[in-house]
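Please read the structure below before turning to the comments.
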Amino acid sequence: MMDRPIRLQDPLRQSPPHRPWRWWQILLVGLGTAIVLGGLTIIGLLWHLSKDLPALDQLGTYQPSLVTQVYSSDQQLIGQFFIERRILTPVADIPESLRRAVVAVEDVRFFEHPGLDYIGMLRAAWTNLRRGGKVEGASTITQQLARSLFLSSERTFDRKVRELILAYKMELVLTKEQILELYLNQIYFGQGAYGVASAAQTYFGKDLSALTVAESAFLAGLPKSPNHYSPFKAYDRAKKRQEHVLARMEEAKFLTTTEREQAAAELLNFRRPGVEQAAPYFVEYVRQLLVAKYGEAMVYKGGLKIFTTLNMEMQKAAEAAFAAGLRELDKRQGWRGPLRTVDVNAPTLPVVTAKIDQAVKVGDYREAVVTKVAKDSFLVQIDTTTANLTFDDMAWAKRRLTGPDTAKDVIINPNPKQVLKPGDVIEVMVKKLEHGIAQVQLEQTPLVEGGLIALEPGKGAIRAMVGGYDFARSEYNRAVQAHRQPGSAFKPIIYATAVSQGMSPASVILDAPVVYEQDQDEKTWKPENYGRKIHGMVSLRDALAHSHNLATVRLLDKVGIKNVIEFARTVGITSPLAADLSLGLGSSSVGLMELTSTYCVLLNQGTRAEPYAIQFIKDNAGNVLELTEPQPQEKISKETAYLITNMMEDVIQKGTGQAAKVIGRPIAGKTGTTDEFINAWFIGGAPNLVTGIYVGFDDRRSLGETESGAHAALPIWTNFMQKALKPLPVMAFTIPEGISFVKVDPATGLLDGEQEGETSIVELFTKGSEPTEATHRRLDPIDFYKLDQTPEGAL
């Protein structure tokens with residue numbers, strides 16, 4: 001039997017039949033794979049982008065860059081130092097209307113979302129799609145804060161993702177109130193203002209508590225684009241933005257319709273940008289003191305509160321008196337001509353003032369264009385205001401300066417019509433306004449400079465400081481930095497030295513020509529009196545009151561140059577002093593505050609209190625960092641101080657300072673004039689306020705003939721002191737117990753001999769220094785020399 005052949009089967013035929021994948025299966029696998037890969041990619045991207053994100057664990061104690069604020073003695077804000085102008089304010093102190101306005105316009109669901117507003121994103125996307133462009137954003141307040149604190153403002157995908165991550169993480173570590181507080185203190189509002197408190201001051205000059213709903217809505221609309229919505233650039237656009245904020249507040253049920261309409265109708269009064277800083281020289285002086293002690297970082301970022309000694313009413317009076325005095329002095333030096341000339345026949349008259357859009361007000365100094373010459377006046381144009389300049393209101397300009405020498409190079413123009421012509425651009429001051437027509441007087445900005453310092457002698461507190469005519473023109477503070485020759489203003493130190501040595505106001509000295517040999521250069525020195533007059537034998541009282549140079553030089557020689565320098569050091573002079581007889585005429589340069597503080601010693605019973613500007617300083621947490629407690633020290637005897645003060649009272653009553661008698665209260669002081677009228681001084685005051693002033697060109701040229709201390713400086717001093725002393729009590733200089741009153745012969749300073757026809761006076765002495773010898777006969781000229789113990793070489 002034959003075996004059957006074995007048939008081999010294909011194994012494939014034994015497996016189940018193949019079924020192809022359907023489309024939905026492929027799609028599911030693809031989607032799953034894509035989701036996994038996408039998820040991994042997103043996780044990787046988030047991990048990558050979050051690697052270098054800042055830690056948020058210190059956000060609760062975040063300290064932004066804060067403004068350091070400077071206050072006057074009555075706590076008026078007078079200056080600020082900052083990199084970012086920001087005033088940190090707790091959220092509880094921010095008005096509810098402002099908080100609601102910001103939330104309504106920036107993130108109405110702020111208190112509901114976790115940092116990312118998905119509903120807001122969808123709404124913004126739909127709005128933008130419908131309108132065909134980006135018209136609405138979806139960044140939450142938390143996102144904006146994250147961006148402001150930690151990220152740049154560049155518009156990239158990476159930055160947006162980082163922003164979202166940070167916003168979410170911030171919501172995990174901070175409460176909503178903390179986030180809102182940080183946001184409202186951090187965000188930029190334009191005009192250099194960071195944070196709501198600074199913005200309120202910048203735009204409205206108000207504290208936050210004083211803001212109205214309308215003002216709050218305006219501020220809330222600024223962060224989106226501070227420059228675009230600036231009211232100073234586009235008021236209409238800024239107003240529409242404010243109305244938009246009000247509408248959003250109504251939508252959010254923060255306002256009723258009536259409240260919204262009332263707020264929209266409210267007139268917004270903005271504080272113009274670029275308001276001049278109060279007391280700029282003083283504020284800069286304080287800034288330099290702070291930086292030297294605390295460093296720039298603390299001053300510009302630390303949010304310090306600096307409470308100073310400055311009295312704002314005195315400061316305003318000082319600035320007004322100083323500016324007016326320099327203007328009058330400048331007019332006496334002659335008219336320098338128009339500022340420039342324009343074409344008055346042009347179709348449009350050029351705008352010549354930098355104060356565009358500011359209404360003309362009485363007291364304004366403005367530029368104007370001469371448009372027409374009338375019978376007895378000029379017609380001028382101030383922007384859109386027509387003004388009249390009469391010949392009487394420009395009479396001073398008949399004296400026209402044609403060169404740099406203010407004393408000689410002058411041409412007299414008797415005809416006012418020759419002074420100006422149409423097209424001349426001039427400076428004027430608005431005297432009055434009637435029916436839209438201004439009456440003005442011709443002015444010119446002075447070139448002369450100077451300084452003023454007012455001190456409270458008992459404490460040393462600086463009450464007013466002017467360092468020059470215009471801080472914008474020159475920041476050089478002449479009240480504390482300049483060193484100038486004081487002329488006769490130095491003489492009280494010499495006379496006080498003599499009194500400390502036992503001499504009295506009644507002691508006599510010869511006022512007559514004298515020649516001194518100068519060994520160093522083998523030359524002779526011959527001092528002279530003002531006007532080259534000679535007065536013979538004079539008392540120290542009269543010599544100081546009338547500022548006799550010859551008598552003073554002889555007195556210096558008698559008491560000793562070394563002794564005067566030592567006395568000057570005792571009362572506060574620190575500048576180098578010439579060790580020769582020229583010291584008697586004030587040849588050694590000193591600082592204004594330096595010499596004024598020395599006068600404080602003389603007028604304050606011999607007690608010195610160092611000048612200071614800062615009363616106390618607080619850090620941003622309210623802790624006191626520094627407190628100044630004046631510690632006056634007795635430098636000279638009360639008797640010496642009173643005698644020299646009493647002698648300086650006679651400077652006012654019968655000497656070179658008589659113009660100050662109008663003040664009508666006990667005051668003492670001294671004029672000072674240097675050679676060729678380079679500098680003019682007056683320093684003096686009452687027991688409760690001492691003020692020093694000097695005027696002079698920075699390049700040390702002459703002020704002009706006759707521009708003495710009495711003529712150039714004293715009027716400024718008097719005008720200031722009349723206002724500054726008004727609120728202060730009237731005080732007499734205290735007479736020490738060690739002072740005696742004795743009747744003496746004024747011709748000799750000896751006891752009155754009761755001769756027939758002789759006129760005696762009552763003079764003051766330190767007890768123990770009274771004269772014991774009486775005058776029994778008239779003295780011959782030779783006796784005058786013996787009394788004076790005149791050194792050899794006297795003529």
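Identifiers in this document derive from the order of the structure tokens: chains are assigned A, B, ..., residues are numbered from 1 separately in each chain, and ligands are numbered from 1 in order of occurrence.
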
Could you please write out, as a PDB file with C-alpha atoms, in the first residue's frame, every residue of range 146-367 of chain A that DSSP assigns to strand (DSSP E or B)?
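Contents of states08.pdb, as written:
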ATOM      1  CA  TYR A 188       3.673 103.994  36.266  1.00  0.00           C
ATOM      2  CA  PHE A 189       1.254 106.892  35.766  1.00  0.00           C
ATOM      3  CA  GLY A 190       3.337 109.221  33.592  1.00  0.00           C
ATOM      4  CA  ALA A 193       5.023 109.446  38.876  1.00  0.00           C
ATOM      5  CA  TYR A 194       5.062 105.855  40.139  1.00  0.00           C
ATOM      6  CA  GLY A 302      14.933 104.788  50.633  1.00  0.00           C
ATOM      7  CA  LYS A 305      11.242 111.936  55.260  1.00  0.00           C
ATOM      8  CA  ILE A 306      13.471 114.933  55.905  1.00  0.00           C
ATOM      9  CA  PHE A 307      12.103 117.626  58.211  1.00  0.00           C
ATOM     10  CA  THR A 308      14.143 120.797  57.857  1.00  0.00           C
ATOM     11  CA  TRP A 335      19.828 149.096  29.594  1.00  0.00           C
ATOM     12  CA  ARG A 340      16.425 140.028  19.926  1.00  0.00           C
ATOM     13  CA  THR A 341      14.469 141.398  16.975  1.00  0.00           C
ATOM     14  CA  TYR A 365       7.625 138.616  33.981  1.00  0.00           C
ATOM     15  CA  ARG A 366       7.081 137.839  30.294  1.00  0.00           C
ATOM     16  CA  GLU A 367       8.665 138.360  26.913  1.00  0.00           C
TER      17      GLU A 367
END

Check your understanding: Do you know which residues are at most 6 Å from range 505-515 of chain A counting only C-alpha atoms, after dropping those on the same chain fewer than 6 positions away, and could you put them as a ChimeraX atom specification?
Key -> /A:525-526,534-541,550-551,749,788,794-795

File dump, residues just selected, N, CA and C atoms, as a short mmCIF file (atom, residue, chain, number, x, y, z; two decimals), in the first residue's frame:
data_model
loop_
_atom_site.label_atom_id
_atom_site.label_comp_id
_atom_site.auth_asym_id
_atom_site.auth_seq_id
_atom_site.Cartn_x
_atom_site.Cartn_y
_atom_site.Cartn_z
N TRP A 525 51.89 151.17 52.08
CA TRP A 525 50.43 151.00 51.96
C TRP A 525 49.76 152.17 52.66
N LYS A 526 48.88 152.84 51.94
CA LYS A 526 48.22 154.02 52.47
C LYS A 526 46.71 153.84 52.36
N ILE A 534 38.64 162.93 56.40
CA ILE A 534 39.38 162.66 57.64
C ILE A 534 38.55 163.19 58.80
N HIS A 535 38.48 162.44 59.91
CA HIS A 535 37.57 162.80 60.99
C HIS A 535 38.27 163.09 62.31
N GLY A 536 39.58 162.99 62.36
CA GLY A 536 40.30 163.30 63.60
C GLY A 536 40.06 162.25 64.67
N MET A 537 40.02 162.70 65.92
CA MET A 537 39.79 161.77 67.02
C MET A 537 38.32 161.39 67.07
N VAL A 538 38.06 160.09 67.04
CA VAL A 538 36.68 159.59 67.06
C VAL A 538 36.59 158.45 68.08
N SER A 539 35.42 158.27 68.62
CA SER A 539 35.19 157.15 69.52
C SER A 539 35.07 155.87 68.70
N LEU A 540 35.29 154.74 69.36
CA LEU A 540 35.11 153.47 68.65
C LEU A 540 33.68 153.32 68.17
N ARG A 541 32.75 153.83 68.98
CA ARG A 541 31.33 153.75 68.59
C ARG A 541 31.11 154.47 67.26
N LEU A 550 40.40 154.46 58.28
CA LEU A 550 41.68 154.83 58.88
C LEU A 550 41.69 154.53 60.38
N ALA A 551 40.59 154.85 61.05
CA ALA A 551 40.50 154.56 62.48
C ALA A 551 40.54 153.05 62.73
N GLY A 749 36.49 160.33 75.87
CA GLY A 749 36.14 159.04 76.44
C GLY A 749 36.41 158.96 77.92
N ASP A 788 45.76 158.34 71.88
CA ASP A 788 45.62 157.26 70.91
C ASP A 788 46.83 156.34 70.88
N ALA A 794 52.60 157.74 61.78
CA ALA A 794 51.32 158.41 61.59
C ALA A 794 51.54 159.82 61.11
N LEU A 795 50.63 160.26 60.24
CA LEU A 795 50.75 161.60 59.72
C LEU A 795 49.84 162.54 60.46
#

Review point. Which residues come within 8 Å of range 572-588 of chain A, counting only C-alpha atoms, excluding same-chain residues fewer than 4 positions away, as number ranges by chain?
Key: A: 484-491, 494, 549, 552-553, 556-557, 561-562, 565, 568, 594-595, 597-598, 674

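Nearest to Glu737 in chain A of all the residues A:Tyr642, A:Thr759, A:Ser708, A:Tyr229 is A:Tyr642, based on only C-alpha atoms.
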
Excluding Lys638 in chain A and residues on its chain fewer than 4 positions from it, collect all residues at most 8 Å away from it, counting only C-alpha atoms, and give them as a JSON list (two decimals) with C-alpha atoms, in the first residue's frame.
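Below is the file that was written, result.json:
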[["chain", "number", "residue", "atom", "x", "y", "z"],
["A", 605, "GLN", "CA", 25.14, 137.23, 74.13],
["A", 606, "GLY", "CA", 28.37, 135.59, 73.03],
["A", 642, "TYR", "CA", 26.48, 143.24, 74.17],
["A", 736, "PRO", "CA", 24.10, 141.70, 80.98]]

Find the residues around Ser377 in chain A up to 7 Å (only C-alpha atoms counted), leave out those fewer than 3 positions away in its own chain, and share them as a PDB file with all heavy atoms, in the first residue's frame.
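Contents of around-v3.pdb, freshly written:
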ATOM      1  N   VAL A 373       4.868 152.212  17.812  1.00  0.00           N
ATOM      2  CA  VAL A 373       5.271 153.360  18.611  1.00  0.00           C
ATOM      3  C   VAL A 373       4.132 154.365  18.593  1.00  0.00           C
ATOM      4  O   VAL A 373       3.738 154.858  17.533  1.00  0.00           O
ATOM      5  CB  VAL A 373       6.558 154.008  18.077  1.00  0.00           C
ATOM      6  CG1 VAL A 373       6.980 155.174  18.970  1.00  0.00           C
ATOM      7  CG2 VAL A 373       7.676 152.983  17.963  1.00  0.00           C
ATOM      8  N   ALA A 374       3.573 154.665  19.784  1.00  0.00           N
ATOM      9  CA  ALA A 374       2.496 155.642  19.896  1.00  0.00           C
ATOM     10  C   ALA A 374       3.052 156.976  20.378  1.00  0.00           C
ATOM     11  O   ALA A 374       4.264 157.169  20.457  1.00  0.00           O
ATOM     12  CB  ALA A 374       1.417 155.117  20.838  1.00  0.00           C
ATOM     13  N   ASN A 388       0.346 147.780  26.911  1.00  0.00           N
ATOM     14  CA  ASN A 388       0.780 149.160  26.726  1.00  0.00           C
ATOM     15  C   ASN A 388       1.979 149.429  27.628  1.00  0.00           C
ATOM     16  O   ASN A 388       1.931 149.184  28.837  1.00  0.00           O
ATOM     17  CB  ASN A 388      -0.371 150.113  27.070  1.00  0.00           C
ATOM     18  CG  ASN A 388      -0.034 151.544  26.709  1.00  0.00           C
ATOM     19  OD1 ASN A 388       0.332 151.829  25.571  1.00  0.00           O
ATOM     20  ND2 ASN A 388      -0.160 152.447  27.673  1.00  0.00           N
ATOM     21  N   LEU A 389       3.063 149.932  27.044  1.00  0.00           N
ATOM     22  CA  LEU A 389       4.277 150.278  27.784  1.00  0.00           C
ATOM     23  C   LEU A 389       4.493 151.782  27.668  1.00  0.00           C
ATOM     24  O   LEU A 389       4.885 152.279  26.615  1.00  0.00           O
ATOM     25  CB  LEU A 389       5.485 149.511  27.214  1.00  0.00           C
ATOM     26  CG  LEU A 389       6.868 149.904  27.737  1.00  0.00           C
ATOM     27  CD1 LEU A 389       6.989 149.642  29.234  1.00  0.00           C
ATOM     28  CD2 LEU A 389       7.964 149.150  26.975  1.00  0.00           C
ATOM     29  N   THR A 390       4.198 152.524  28.750  1.00  0.00           N
ATOM     30  CA  THR A 390       4.349 153.977  28.709  1.00  0.00           C
ATOM     31  C   THR A 390       5.816 154.361  28.808  1.00  0.00           C
ATOM     32  O   THR A 390       6.648 153.595  29.308  1.00  0.00           O
ATOM     33  CB  THR A 390       3.572 154.644  29.854  1.00  0.00           C
ATOM     34  OG1 THR A 390       4.195 154.295  31.103  1.00  0.00           O
ATOM     35  CG2 THR A 390       2.113 154.196  29.874  1.00  0.00           C
ATOM     36  N   PHE A 391       6.128 155.558  28.367  1.00  0.00           N
ATOM     37  CA  PHE A 391       7.502 156.045  28.445  1.00  0.00           C
ATOM     38  C   PHE A 391       7.949 156.151  29.896  1.00  0.00           C
ATOM     39  O   PHE A 391       9.127 155.934  30.213  1.00  0.00           O
ATOM     40  CB  PHE A 391       7.623 157.407  27.755  1.00  0.00           C
ATOM     41  CG  PHE A 391       7.448 157.340  26.255  1.00  0.00           C
ATOM     42  CD1 PHE A 391       7.209 158.496  25.522  1.00  0.00           C
ATOM     43  CD2 PHE A 391       7.532 156.135  25.576  1.00  0.00           C
ATOM     44  CE1 PHE A 391       7.056 158.443  24.141  1.00  0.00           C
ATOM     45  CE2 PHE A 391       7.383 156.068  24.200  1.00  0.00           C
ATOM     46  CZ  PHE A 391       7.136 157.228  23.480  1.00  0.00           C
TER      47      PHE A 391
END
